[in-house]
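Visitor: Let me begin by handing over the structure; questions about it come next.
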6 protein chains.
Amino acid sequence: MTYTRLRSEIDNKVGRITLSKPDEFNRMPPAFWSEFPDAIEEMDESGAIRALVISAEGKHFTSGMDTSVFTSGRSGPEYEAGRRGERSRRHIARLQDSFSVIERVRMPVIAAIQGACIGGGVDMISACDMRYCTSDAFFCIQEINIGMAADVGTLQRLPNLIPTGLMRELAYTGRRLFAEEAKSIGLVNEVYDTHSHMLEAVMSIAEEIAKKSPLAVASTKHLLGYGEEHSVSDTLDYQTLWMGSISQGGEMAKYFNAKQQGNEPEFDDLPPLSDD
Amino acid sequence: MTYTRLRSEIDNKVGRITLSKPDEFNRMPPAFWSEFPDAIEEMDESGAIRALVISAEGKHFTSGMDTSVFTSGRSGPEYEAGRRGERSRRHIARLQDSFSVIERVRMPVIAAIQGACIGGGVDMISACDMRYCTSDAFFCIQEINIGMAADVGTLQRLPNLIPTGLMRELAYTGRRLFAEEAKSIGLVNEVYDTHSHMLEAVMSIAEEIAKKSPLAVASTKHLLGYGEEHSVSDTLDYQTLWMGSISQGGEMAKYFNAKQQGNEPEFDDLPPLSDD
Amino acid sequence: MTYTRLRSEIDNKVGRITLSKPDEFNRMPPAFWSEFPDAIEEMDESGAIRALVISAEGKHFTSGMDTSVFTSGRSGPEYEAGRRGERSRRHIARLQDSFSVIERVRMPVIAAIQGACIGGGVDMISACDMRYCTSDAFFCIQEINIGMAADVGTLQRLPNLIPTGLMRELAYTGRRLFAEEAKSIGLVNEVYDTHSHMLEAVMSIAEEIAKKSPLAVASTKHLLGYGEEHSVSDTLDYQTLWMGSISQGGEMAKYFNAKQQGNEPEFDDLPPLSDD
Amino acid sequence: MTYTRLRSEIDNKVGRITLSKPDEFNRMPPAFWSEFPDAIEEMDESGAIRALVISAEGKHFTSGMDTSVFTSGRSGPEYEAGRRGERSRRHIARLQDSFSVIERVRMPVIAAIQGACIGGGVDMISACDMRYCTSDAFFCIQEINIGMAADVGTLQRLPNLIPTGLMRELAYTGRRLFAEEAKSIGLVNEVYDTHSHMLEAVMSIAEEIAKKSPLAVASTKHLLGYGEEHSVSDTLDYQTLWMGSISQGGEMAKYFNAKQQGNEPEFDDLPPLSDD
Amino acid sequence: MTYTRLRSEIDNKVGRITLSKPDEFNRMPPAFWSEFPDAIEEMDESGAIRALVISAEGKHFTSGMDTSVFTSGRSGPEYEAGRRGERSRRHIARLQDSFSVIERVRMPVIAAIQGACIGGGVDMISACDMRYCTSDAFFCIQEINIGMAADVGTLQRLPNLIPTGLMRELAYTGRRLFAEEAKSIGLVNEVYDTHSHMLEAVMSIAEEIAKKSPLAVASTKHLLGYGEEHSVSDTLDYQTLWMGSISQGGEMAKYFNAKQQGNEPEFDDLPPLSDD
Amino acid sequence: MTYTRLRSEIDNKVGRITLSKPDEFNRMPPAFWSEFPDAIEEMDESGAIRALVISAEGKHFTSGMDTSVFTSGRSGPEYEAGRRGERSRRHIARLQDSFSVIERVRMPVIAAIQGACIGGGVDMISACDMRYCTSDAFFCIQEINIGMAADVGTLQRLPNLIPTGLMRELAYTGRRLFAEEAKSIGLVNEVYDTHSHMLEAVMSIAEEIAKKSPLAVASTKHLLGYGEEHSVSDTLDYQTLWMGSISQGGEMAKYFNAKQQGNEPEFDDLPPLSDD
């Protein structure tokens, strides 16, 4: 597939999706909202991509959702109000799903952020597994500034990433959160001085992940996600089945065999999704 | 679309899906499991179908899932055990989803059952909104008879339809449940003496539904489904928003206007799904 | 308090609320929706009422909610759409709460139904502890017939009272459910031939309850309600605390003491709500 | 182990636990509450028992819990009130667990009931998989008659077995529910004219279950139990893992192999619990 | 209304509630527990107050609950133990509700804390949206020091605000948590050197919030609260309805219109609660 | 009881469990997994131990689970695959339970960690109430490095202790987390320069806890644990019953009496578990 708002590449088992409209501050018009989930899901298809890095060209990560997206979903042909409501509900659900796909794919997804990360950008990075940024990065729940509640995931996921009191200050005042504060509260794992240093470091983390058993990594991601929506006891029980069904010890045997022979283990790719 | 295992028709705003392999007892081979959900979803697409009737040709409703379906999902290329487990999990999830789609479409889905309804057939009718049958119909959780647990929805949905003690007797012994008992415990709403009488009556119910506001019917279906997975208080709260957003009173106004003028109200179709 | 739409009486520790506008088919205009919950809560205040019977004068139990109620909550001064939505949401929540109060009071609430029980009437009786009716009674989810989804509790509570398949038939078609069928599916506990026979029988059940320990009855009602919203294991755990805190054995001692002396036990009233 | 309040036997892969104090109406004194769960768990230990029948000698199934049980758990050495409360809580939890064990063992548990089934008896049979009774059987939530709330499972489990309105009538009035009504509402699966006819029929059902794959039966029981505490979608997901881990198709292969050779399949026992 | 334990003021759309008994260390006697929720709810009534600041006069924020409150709820007329238990339960529930009201009102509630914030004070500020303090502030879960478990919300809400390990250290040892540590772990958003600097800064934040659309702010608060009690997927779904019903885009239109004309947008107040 | 992998001591109402195989880096072979939960439960039995400290001899806290544990649970006699799966599931559940017991005992459990805390060590300390470490300590989710998902609690409990983004980095890369970072993110409460300083400080905290009412401490632990698995409103409600049943004010009376007489209160031990 080819995309107009982003670039999709693969580099030694690490996928990269790059927002590629720096002259438009990588804003998110309607096309973005279909291209982005398509690109993410495409990465998962073959089973050969073991980590995915999302970054952006230019001075800013993204200026967020185009208001045209909001408007388009709510207007339309002259249906009566309830039918317009039904369409609007589906429209918002589809926007939300464009970022929920980040949680559904099998490999970890890492966001590398510079400059402004605004509105829809915060929705997006909140759904990622890990976040890293440059020292000039800042985050802003822009929706409140233009008279609406953030509706594509920020209000659902960001509270799990930062302290509640700060979450509410950001959500009610729309003020900017800068890189150092983002690091100190755990929103980003690390701050780098330049864009290239950040990308170098993030790629190195992604490559480290790519060396692990992709079955173990995918299992870990799935179980962490499951745990966020279920109780500890339910998740412990669920994991006993997962271990018997999917994470059965074959990879561990491969690891110890390789080590015994003085080698690094080389784990097979996951099965492609289409091969069922 | 054209299908090999079933027939899909529309008759005056009522959709009909007919299992069309009576000479094979309407068994469910791999092709069935992709055709069936496609046919169901296709019915929802235009917004013009207001009720959906599932029936079958011949002496029996269905003899259930082909064992080839089970086997195919568990074999495959020579992956190590964990990867085979991952594929098998996706395979079963896809089978389950072939019937869950019945719950997701906007219109009520009605099953009209004669003769044997076995194994996968019980999975299917358990996901329908309502069930009607002929006096020669019987139901059988066949899986236990061949050494496995029912895995495509029967164990999840049938307990919500019949008394628990009987559910367990059927699930542990694999005995047949006959029409009259099915009626007395509420599994089917009515029993008819012949196939044609059943279809006539069921089509009449479907047509009655098709005269109602499709927005009100779809709202009712969605809210009943939501209630099955949430508490009463959560569902009451959810409904306050649904009423404000989707069921806003326009249909009621139409009803009273028509009545005032001595007419039956004619409600508009729902918006097509693609028109977003 | 005095009421315009109903009559509130107390008879030997049994409370009675009677819909008292038979010439208007006991319809439910705006006044009803504030009087009814007030009357119910007033019954709970003193701690001396141990069972509550809801019945109606005239040929019909109730013709249901006035459409004026629906309309009033959605119109109003010229707020913009979102603010109207906020008001409408509160309005519906308040209507819902007018019947949820039935579940919150400490004593069992029993509905005695004759003739038509339509729309809001079904919402109301679904929230009661038990239902009894005459042989000419019928029930109708009238909302679907006028183009809307039932929004005051029917879709939340009736599915817990009758088989799912029949629930959906009633909700989608708006057809009448008659007394005998209502009995056979468990919606009503018993059917009586005349109104007076019904009232006599229902009062006798209420008086039987009034002889029990009101602390044990209130505990049972609360725990059954808790169980409807929580898992079996959560409710078992919750009950271990309830027994230690509220149902501590004093009543049982009183029972055995009385029996030992050849008497019927006489249990004290519950504390009044205001006496905290 | 030997027991004083019951008899434990094994008969061709079917376990039988018989309440054996008919001269004391099979009442449940403190000894019963430790012997009963021990006997149940012992049946599960070897993996060779595939169904378990609980019945009772004499005219009545059981007269229920001795009040001495209640009293003992609440008295004790002279602790201050909070410590007594902590002990009492553990005491009630242990009583509850004496019946919850019925749900935890791997094989189906069937109750065969004659005459009176009162108080603790209702708690017990509510936790069983299936219930059968003689025509002279009756059920009574006796606790309300002596001034307390039923606290060993009746309030948690019986509402899942019978219509809510009747549940509440029984729980508030303490009246008897007789065999025919119990059958018509689904509490018992079948009514028999004599004790011996009942035992014959119930043993025949148990033997039928014993012929099935015990892995498939245990899987079915576990998944049905899981479904009662989780949503349909959670349970469907959980089952995809169960199928990959435990119900993997080996039994189905055995079934088809046997059938191909004109034989009935003979399934292996489950592994003993201690063999880990 | 007039209050004896606090002062209630409105200042340019920002409400202020000030604990006004500095000579009594703003302790919380019975009167406080009814005045405080009344004052909070009164602020929400008109729809014109867009943010609410809670602060205290004197050297300390509050010394917490009077033990007289605890005692009064547990004594009373000579009821038997179970009835005393029932009254006590209602008493504690009412105390809890005095702070839960902070979460229910439509505007953000901000706590500005100096000196001691002890016992009931920690319960209170844990229910607020944001917390700010002076450098001499400290927090103490005093209940454990006097032999009881904190019972008015601290054990429920504080674990969502600070790391679990520290939460437990504070709850088990009753040690003081000082301002700088409170800032570093996210309990408070900022620390100020003096009381007046804190109030100036906090009022400035409140005024910033007051400039936003109150509909968007109230929507954000409600959705964040909903998310704390529901799963991410449930909350995303709930929000699709909220956007259609309440946050419909009218405010955004107002924003862009104002901006286009070079003005700051002026958003209307929310509807008063009584105007339904 | 005597143990081979650890030492169990009691010191002035504080229990101490010490991993005692420093020459084997306190690795966790099969014996460990049965001795550890036995030692923990034994500490709870008498009711006299009010806090429990887990520490380790030697340079490292623990090198984690022996792979022999993993292998043993998955091999076994020649059962067919499904039966092996059933056994494996029980095996993993039992391993998980070896650490869940930390949450079930009545007293707080404190981990004091030096050097390496790897694999199973992270599972263990994640289940503790509080964690303290020396400046040379480090933590490592070793499982991912050897090709598997952590399956004994790390994936369930660690996400509640540290920021999600860092959790995922550690879980996917298997990198070491060092003491200072562990402190700054809240995983450990404090870092000490030497092992003996750490033990001194931790014992001092444990002794502080031991001076409090053990009923209040146990109530606090139970309620905090309950809150982690339930909503805020459910936990508030649950606490109203707990206060009436278990934390009834006797301890507070003792505290005030002692203080009035110028003494420190001396609280009684909890009842022994066996004394029911």
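Naming scheme: A, B, ... for chains in displayed order of the structure tokens; residues 1 onward per chain; ligands 1 onward as shown.
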Considering only C-alpha atoms, extract the chain B residues located within 6 Å of chain A and return them as a PDB file with N, CA and C atoms, in the first residue's frame.
Guide:
ATOM      1  N   GLY B  82       3.914 -23.485  20.240  1.00  0.00           N
ATOM      2  CA  GLY B  82       3.343 -22.216  20.667  1.00  0.00           C
ATOM      3  C   GLY B  82       2.758 -21.440  19.496  1.00  0.00           C
ATOM      4  N   GLY B  85      -0.362 -22.909  18.541  1.00  0.00           N
ATOM      5  CA  GLY B  85      -1.367 -22.480  19.511  1.00  0.00           C
ATOM      6  C   GLY B  85      -1.894 -21.093  19.200  1.00  0.00           C
ATOM      7  N   GLU B  86      -0.999 -20.209  18.798  1.00  0.00           N
ATOM      8  CA  GLU B  86      -1.434 -18.844  18.467  1.00  0.00           C
ATOM      9  C   GLU B  86      -2.386 -18.874  17.271  1.00  0.00           C
ATOM     10  N   SER B 245     -28.841  11.013  22.153  1.00  0.00           N
ATOM     11  CA  SER B 245     -28.002  11.042  20.966  1.00  0.00           C
ATOM     12  C   SER B 245     -28.681  10.412  19.767  1.00  0.00           C
ATOM     13  N   ILE B 246     -29.434   9.358  19.974  1.00  0.00           N
ATOM     14  CA  ILE B 246     -29.910   8.553  18.848  1.00  0.00           C
ATOM     15  C   ILE B 246     -31.422   8.400  18.831  1.00  0.00           C
ATOM     16  N   SER B 247     -32.024   8.172  19.984  1.00  0.00           N
ATOM     17  CA  SER B 247     -33.482   7.982  19.993  1.00  0.00           C
ATOM     18  C   SER B 247     -34.103   9.262  20.527  1.00  0.00           C
ATOM     19  N   GLN B 248     -34.126  10.290  19.681  1.00  0.00           N
ATOM     20  CA  GLN B 248     -34.383  11.646  20.165  1.00  0.00           C
ATOM     21  C   GLN B 248     -35.830  12.114  20.067  1.00  0.00           C
TER      22      GLN B 248
END
Visitor: Please, can I see chain F fitted onto chain C by all in-order Cα atoms (least squares), as a compact mmCIF listing (two decimals) with C-alpha atoms, in the first residue's frame?
Guide:
# COMPACT_ATOMS: atom_id res chain seq x y z
CA MET F 1 -48.03 14.29 52.33
CA THR F 2 -51.04 14.31 50.09
CA TYR F 3 -51.01 13.09 46.53
CA THR F 4 -53.18 13.75 43.50
CA ARG F 5 -52.43 10.66 41.42
CA LEU F 6 -52.39 8.01 44.11
CA ARG F 7 -53.51 7.08 47.59
CA SER F 8 -51.14 6.10 50.35
CA GLU F 9 -52.34 4.04 53.30
CA ILE F 10 -50.99 1.88 56.09
CA ASP F 11 -52.76 -1.19 57.31
CA ASN F 12 -51.30 -3.19 60.15
CA LYS F 13 -47.62 -2.75 59.15
CA VAL F 14 -48.42 -3.20 55.45
CA GLY F 15 -48.22 -0.11 53.25
CA ARG F 16 -50.52 0.36 50.29
CA ILE F 17 -50.05 2.72 47.36
CA THR F 18 -53.03 2.80 45.04
CA LEU F 19 -53.10 4.45 41.64
CA SER F 20 -56.28 6.44 42.05
CA LYS F 21 -57.24 7.90 38.69
CA PRO F 22 -59.25 5.06 37.16
CA ASP F 23 -61.20 7.46 34.95
CA GLU F 24 -57.89 8.41 33.35
CA PHE F 25 -56.75 4.79 33.16
CA ASN F 26 -54.22 5.70 35.85
CA ARG F 27 -52.01 7.32 33.24
CA MET F 28 -48.72 8.80 34.43
CA PRO F 29 -48.50 12.57 33.87
CA PRO F 30 -45.60 14.71 35.23
CA ALA F 31 -47.19 14.88 38.71
CA PHE F 32 -47.15 11.11 38.97
CA TRP F 33 -43.39 10.94 38.50
CA SER F 34 -42.69 13.05 41.56
CA GLU F 35 -45.54 11.79 43.74
CA PHE F 36 -44.78 8.13 43.23
CA PRO F 37 -41.17 8.10 44.50
CA ASP F 38 -42.13 10.45 47.33
CA ALA F 39 -44.87 8.07 48.43
CA ILE F 40 -42.55 5.08 48.28
CA GLU F 41 -39.79 6.78 50.25
CA GLU F 42 -42.25 8.08 52.81
CA MET F 43 -43.26 4.47 53.48
CA ASP F 44 -39.66 3.61 54.36
CA GLU F 45 -39.09 6.52 56.68
CA SER F 46 -40.56 5.31 59.95
CA GLY F 47 -39.21 1.78 59.85
CA ALA F 48 -42.64 0.47 60.78
CA ILE F 49 -43.85 -0.61 57.33
CA ARG F 50 -42.74 -4.14 56.55
CA ALA F 51 -44.22 -4.78 53.12
CA LEU F 52 -45.66 -2.52 50.46
CA VAL F 53 -48.44 -3.34 47.98
CA ILE F 54 -48.90 -1.30 44.82
CA SER F 55 -52.28 -1.66 43.15
CA ALA F 56 -54.67 0.40 41.06
CA GLU F 57 -58.33 1.32 40.99
CA GLY F 58 -60.57 0.63 38.06
CA LYS F 59 -60.50 -1.62 35.07
CA HIS F 60 -56.85 -1.09 34.21
CA PHE F 61 -53.62 -0.93 36.16
CA THR F 62 -52.17 1.88 34.04
CA SER F 63 -52.05 3.16 30.48
CA GLY F 64 -48.47 4.29 31.08
CA MET F 65 -46.46 7.47 30.72
CA ASP F 66 -48.05 10.58 29.29
CA THR F 67 -46.21 11.74 26.23
CA SER F 68 -46.20 15.15 27.85
CA VAL F 69 -43.57 13.82 30.24
CA PHE F 70 -41.35 12.87 27.37
CA THR F 71 -41.80 16.17 25.59
CA SER F 72 -41.32 18.40 28.62
CA GLY F 73 -37.94 16.92 29.46
CA ARG F 74 -36.61 17.51 25.99
CA SER F 75 -37.86 21.01 25.29
CA GLY F 76 -37.15 24.06 27.46
CA PRO F 77 -35.63 27.49 27.15
CA GLU F 78 -33.45 28.19 24.20
CA TYR F 79 -30.25 26.48 25.25
CA GLU F 80 -27.88 25.32 22.53
CA ALA F 81 -28.09 21.65 21.66
CA GLY F 82 -25.47 20.31 24.08
CA ARG F 83 -27.02 22.04 27.06
CA ARG F 84 -30.44 20.73 26.06
CA GLY F 85 -28.80 17.31 25.91
CA GLU F 86 -27.42 17.72 29.41
CA ARG F 87 -30.86 18.68 30.73
CA SER F 88 -32.57 15.85 28.90
CA ARG F 89 -30.11 13.35 30.35
CA ARG F 90 -30.90 14.52 33.88
CA HIS F 91 -34.61 14.42 33.10
CA ILE F 92 -34.51 10.79 31.95
CA ALA F 93 -32.30 9.84 34.89
CA ARG F 94 -34.88 11.32 37.23
CA LEU F 95 -37.69 9.35 35.59
CA GLN F 96 -35.66 6.18 35.90
CA ASP F 97 -35.00 6.94 39.53
CA SER F 98 -38.72 7.22 40.21
CA PHE F 99 -38.87 3.45 39.85
CA SER F 100 -35.36 2.56 41.09
CA VAL F 101 -36.52 3.79 44.49
CA ILE F 102 -38.63 0.62 44.65
CA GLU F 103 -35.39 -1.34 44.84
CA ARG F 104 -33.81 0.95 47.41
CA VAL F 105 -36.47 0.92 50.13
CA ARG F 106 -36.03 -1.63 52.86
CA MET F 107 -39.30 -3.54 52.57
CA PRO F 108 -40.46 -5.83 49.75
CA VAL F 109 -42.69 -4.14 47.16
CA ILE F 110 -45.47 -6.18 45.58
CA ALA F 111 -47.42 -5.25 42.44
CA ALA F 112 -51.06 -6.35 42.06
CA ILE F 113 -52.10 -5.86 38.45
CA GLN F 114 -55.43 -5.96 36.62
CA GLY F 115 -56.35 -5.10 33.03
CA ALA F 116 -53.85 -3.11 31.02
CA CYS F 117 -50.28 -2.67 32.25
CA ILE F 118 -48.70 -0.64 29.51
CA GLY F 119 -45.48 1.26 28.84
CA GLY F 120 -44.45 2.97 32.06
CA GLY F 121 -46.48 0.36 33.91
CA VAL F 122 -44.15 -2.35 32.71
CA ASP F 123 -41.18 -0.23 33.77
CA MET F 124 -42.71 0.04 37.22
CA ILE F 125 -43.68 -3.56 37.87
CA SER F 126 -40.29 -4.77 36.58
CA ALA F 127 -38.67 -2.97 39.51
CA CYS F 128 -40.98 -4.61 42.09
CA ASP F 129 -40.01 -7.62 44.18
CA MET F 130 -43.01 -9.71 43.14
CA ARG F 131 -45.90 -9.44 40.72
CA TYR F 132 -49.43 -10.93 40.88
CA CYS F 133 -52.28 -10.32 38.43
CA THR F 134 -55.86 -11.04 37.51
CA SER F 135 -56.82 -13.27 34.61
CA ASP F 136 -57.76 -10.26 32.45
CA ALA F 137 -54.39 -8.57 32.85
CA PHE F 138 -52.06 -7.97 29.96
CA PHE F 139 -48.63 -6.38 29.57
CA CYS F 140 -47.38 -4.32 26.64
CA ILE F 141 -44.04 -2.64 25.87
CA GLN F 142 -45.94 0.16 24.23
CA GLU F 143 -42.91 2.33 23.50
CA ILE F 144 -41.94 0.43 20.36
CA ASN F 145 -45.43 1.02 18.97
CA ILE F 146 -44.97 4.78 19.11
CA GLY F 147 -41.46 4.88 17.70
CA MET F 148 -39.10 4.84 20.65
CA ALA F 149 -37.06 2.53 22.87
CA ALA F 150 -38.44 1.94 26.36
CA ASP F 151 -36.25 4.14 28.53
CA VAL F 152 -37.38 3.94 32.15
CA GLY F 153 -36.17 0.50 33.13
CA THR F 154 -38.06 -2.10 31.07
CA LEU F 155 -35.07 -2.89 28.86
CA GLN F 156 -32.85 -3.22 31.93
CA ARG F 157 -35.02 -5.23 34.31
CA LEU F 158 -37.56 -7.22 32.33
CA PRO F 159 -34.84 -9.42 30.72
CA ASN F 160 -34.05 -10.66 34.24
CA LEU F 161 -37.67 -11.70 34.71
CA ILE F 162 -38.66 -13.54 31.52
CA PRO F 163 -36.95 -15.68 28.85
CA THR F 164 -34.74 -13.65 26.54
CA GLY F 165 -36.39 -14.78 23.33
CA LEU F 166 -39.81 -13.76 24.52
CA MET F 167 -38.41 -10.51 25.94
CA ARG F 168 -37.19 -9.60 22.50
CA GLU F 169 -40.41 -10.59 20.77
CA LEU F 170 -42.35 -8.33 23.13
CA ALA F 171 -39.85 -5.49 22.81
CA TYR F 172 -39.70 -5.59 18.99
CA THR F 173 -43.35 -6.26 18.17
CA GLY F 174 -45.14 -4.47 21.01
CA ARG F 175 -47.62 -7.34 21.25
CA ARG F 176 -49.61 -8.01 24.39
CA LEU F 177 -48.55 -10.64 26.89
CA PHE F 178 -51.57 -12.10 28.65
CA ALA F 179 -51.94 -13.30 32.22
CA GLU F 180 -51.64 -17.03 31.71
CA GLU F 181 -48.49 -16.73 29.60
CA ALA F 182 -47.11 -14.26 32.13
CA LYS F 183 -47.61 -16.88 34.83
CA SER F 184 -46.12 -19.74 32.85
CA ILE F 185 -42.89 -17.82 32.18
CA GLY F 186 -42.53 -16.56 35.74
CA LEU F 187 -43.28 -12.85 35.26
CA VAL F 188 -46.14 -13.07 37.74
CA ASN F 189 -46.22 -15.50 40.63
CA GLU F 190 -49.95 -16.16 40.49
CA VAL F 191 -53.10 -15.31 38.52
CA TYR F 192 -56.43 -14.66 40.25
CA ASP F 193 -59.90 -14.60 38.76
CA THR F 194 -61.04 -11.28 40.23
CA HIS F 195 -59.52 -8.07 41.46
CA SER F 196 -60.78 -8.60 44.98
CA HIS F 197 -59.45 -12.16 45.15
CA MET F 198 -56.10 -10.89 44.00
CA LEU F 199 -55.99 -8.14 46.61
CA GLU F 200 -57.04 -10.52 49.33
CA ALA F 201 -54.30 -12.98 48.38
CA VAL F 202 -51.63 -10.32 47.95
CA MET F 203 -52.48 -8.69 51.26
CA SER F 204 -52.25 -12.08 52.89
CA ILE F 205 -48.75 -12.57 51.47
CA ALA F 206 -47.77 -9.07 52.61
CA GLU F 207 -49.06 -9.79 56.09
CA GLU F 208 -47.10 -13.02 56.19
CA ILE F 209 -43.95 -11.04 55.38
CA ALA F 210 -44.85 -8.46 58.02
CA LYS F 211 -44.72 -11.17 60.68
CA LYS F 212 -41.09 -12.02 59.93
CA SER F 213 -38.14 -10.17 61.40
CA PRO F 214 -37.99 -6.91 59.39
CA LEU F 215 -34.22 -6.94 59.84
CA ALA F 216 -34.00 -10.37 58.23
CA VAL F 217 -36.39 -9.36 55.44
CA ALA F 218 -34.53 -6.12 54.73
CA SER F 219 -31.22 -8.00 54.79
CA THR F 220 -32.58 -10.55 52.35
CA LYS F 221 -33.86 -7.85 49.99
CA HIS F 222 -30.58 -5.95 50.11
CA LEU F 223 -28.47 -9.05 49.53
CA LEU F 224 -30.65 -10.25 46.64
CA GLY F 225 -30.33 -6.82 45.04
CA TYR F 226 -26.58 -6.82 45.61
CA GLY F 227 -26.33 -10.24 44.01
CA GLU F 228 -28.03 -9.05 40.85
CA GLU F 229 -25.18 -6.60 40.24
CA HIS F 230 -22.22 -8.63 41.53
CA SER F 231 -20.68 -12.05 41.07
CA VAL F 232 -21.57 -14.99 43.31
CA SER F 233 -18.17 -14.93 45.01
CA ASP F 234 -18.29 -11.18 45.65
CA THR F 235 -21.77 -11.51 47.09
CA LEU F 236 -20.82 -14.41 49.35
CA ASP F 237 -17.93 -12.34 50.70
CA TYR F 238 -20.13 -9.27 51.14
CA GLN F 239 -22.62 -11.38 53.08
CA THR F 240 -20.00 -12.53 55.59
CA LEU F 241 -19.66 -8.88 56.60
CA TRP F 242 -23.40 -8.24 56.52
CA MET F 243 -23.96 -11.11 58.92
CA GLY F 244 -21.38 -9.73 61.34
CA SER F 245 -22.64 -6.19 61.17
CA ILE F 246 -26.40 -6.29 60.75
CA SER F 247 -27.88 -9.76 60.87
CA GLN F 248 -26.15 -10.77 64.07
CA GLY F 249 -28.42 -13.35 65.59
CA GLY F 250 -30.45 -11.23 67.99
CA GLU F 251 -33.60 -11.95 66.00
CA MET F 252 -32.95 -15.66 65.98
CA ALA F 253 -32.56 -15.62 69.75
CA LYS F 254 -35.88 -13.81 70.00
CA TYR F 255 -37.49 -16.42 67.77
CA PHE F 256 -36.27 -19.38 69.80
CA ASN F 257 -37.16 -17.72 73.09
CA ALA F 258 -40.70 -17.09 71.89
CA LYS F 259 -41.07 -20.62 70.55
CA GLN F 260 -39.77 -22.11 73.78
CA GLN F 261 -42.54 -20.30 75.59
CA GLY F 262 -45.14 -21.39 73.06
CA ASN F 263 -45.54 -17.93 71.57
CA GLU F 264 -45.14 -16.43 68.14
CA PRO F 265 -42.14 -14.09 68.11
CA GLU F 266 -42.89 -10.38 67.81
CA PHE F 267 -40.05 -8.60 66.12
CA ASP F 268 -39.29 -4.91 66.65
CA ASP F 269 -39.59 -2.39 63.85
CA LEU F 270 -36.53 -1.15 62.03
CA PRO F 271 -35.04 2.16 63.18
CA PRO F 272 -36.49 5.20 61.42
CA LEU F 273 -34.25 6.60 58.70
CA SER F 274 -34.12 10.02 60.28
CA ASP F 275 -32.93 8.70 63.63
CA ASP F 276 -29.21 8.72 62.89
Visitor: Please run DSSP on the backbone and report, as an MDAnalysis selection string, all residues within range 133-268 of chain A that come out as strand (DSSP E).
Guide: chainID A and resid 133:134 138:140 177:178 190:192
Visitor: Output the selection as a compact mmCIF listing (two decimals), in the first residue's frame - C-alpha atoms for each residue.
Guide:
# COMPACT_ATOMS: atom_id res chain seq x y z
CA CYS A 133 10.90 12.49 23.26
CA THR A 134 13.35 15.27 22.58
CA PHE A 138 5.61 19.38 24.58
CA PHE A 139 2.17 17.82 24.95
CA CYS A 140 -1.17 19.60 24.93
CA LEU A 177 3.38 19.74 29.44
CA PHE A 178 7.08 19.96 28.63
CA GLU A 190 13.60 9.17 28.29
CA VAL A 191 14.38 12.63 26.92
CA TYR A 192 17.05 13.18 24.25
Visitor: Determine which residues of range 4-214 of chain F receive a DSSP assignment of alpha helix (DSSP H), computed from the backbone, and state them as a PyMOL selection string.
Guide: chain F and resi 30-45+67-74+81-104+120-126+154-157+164-173+179-184+195-211+214
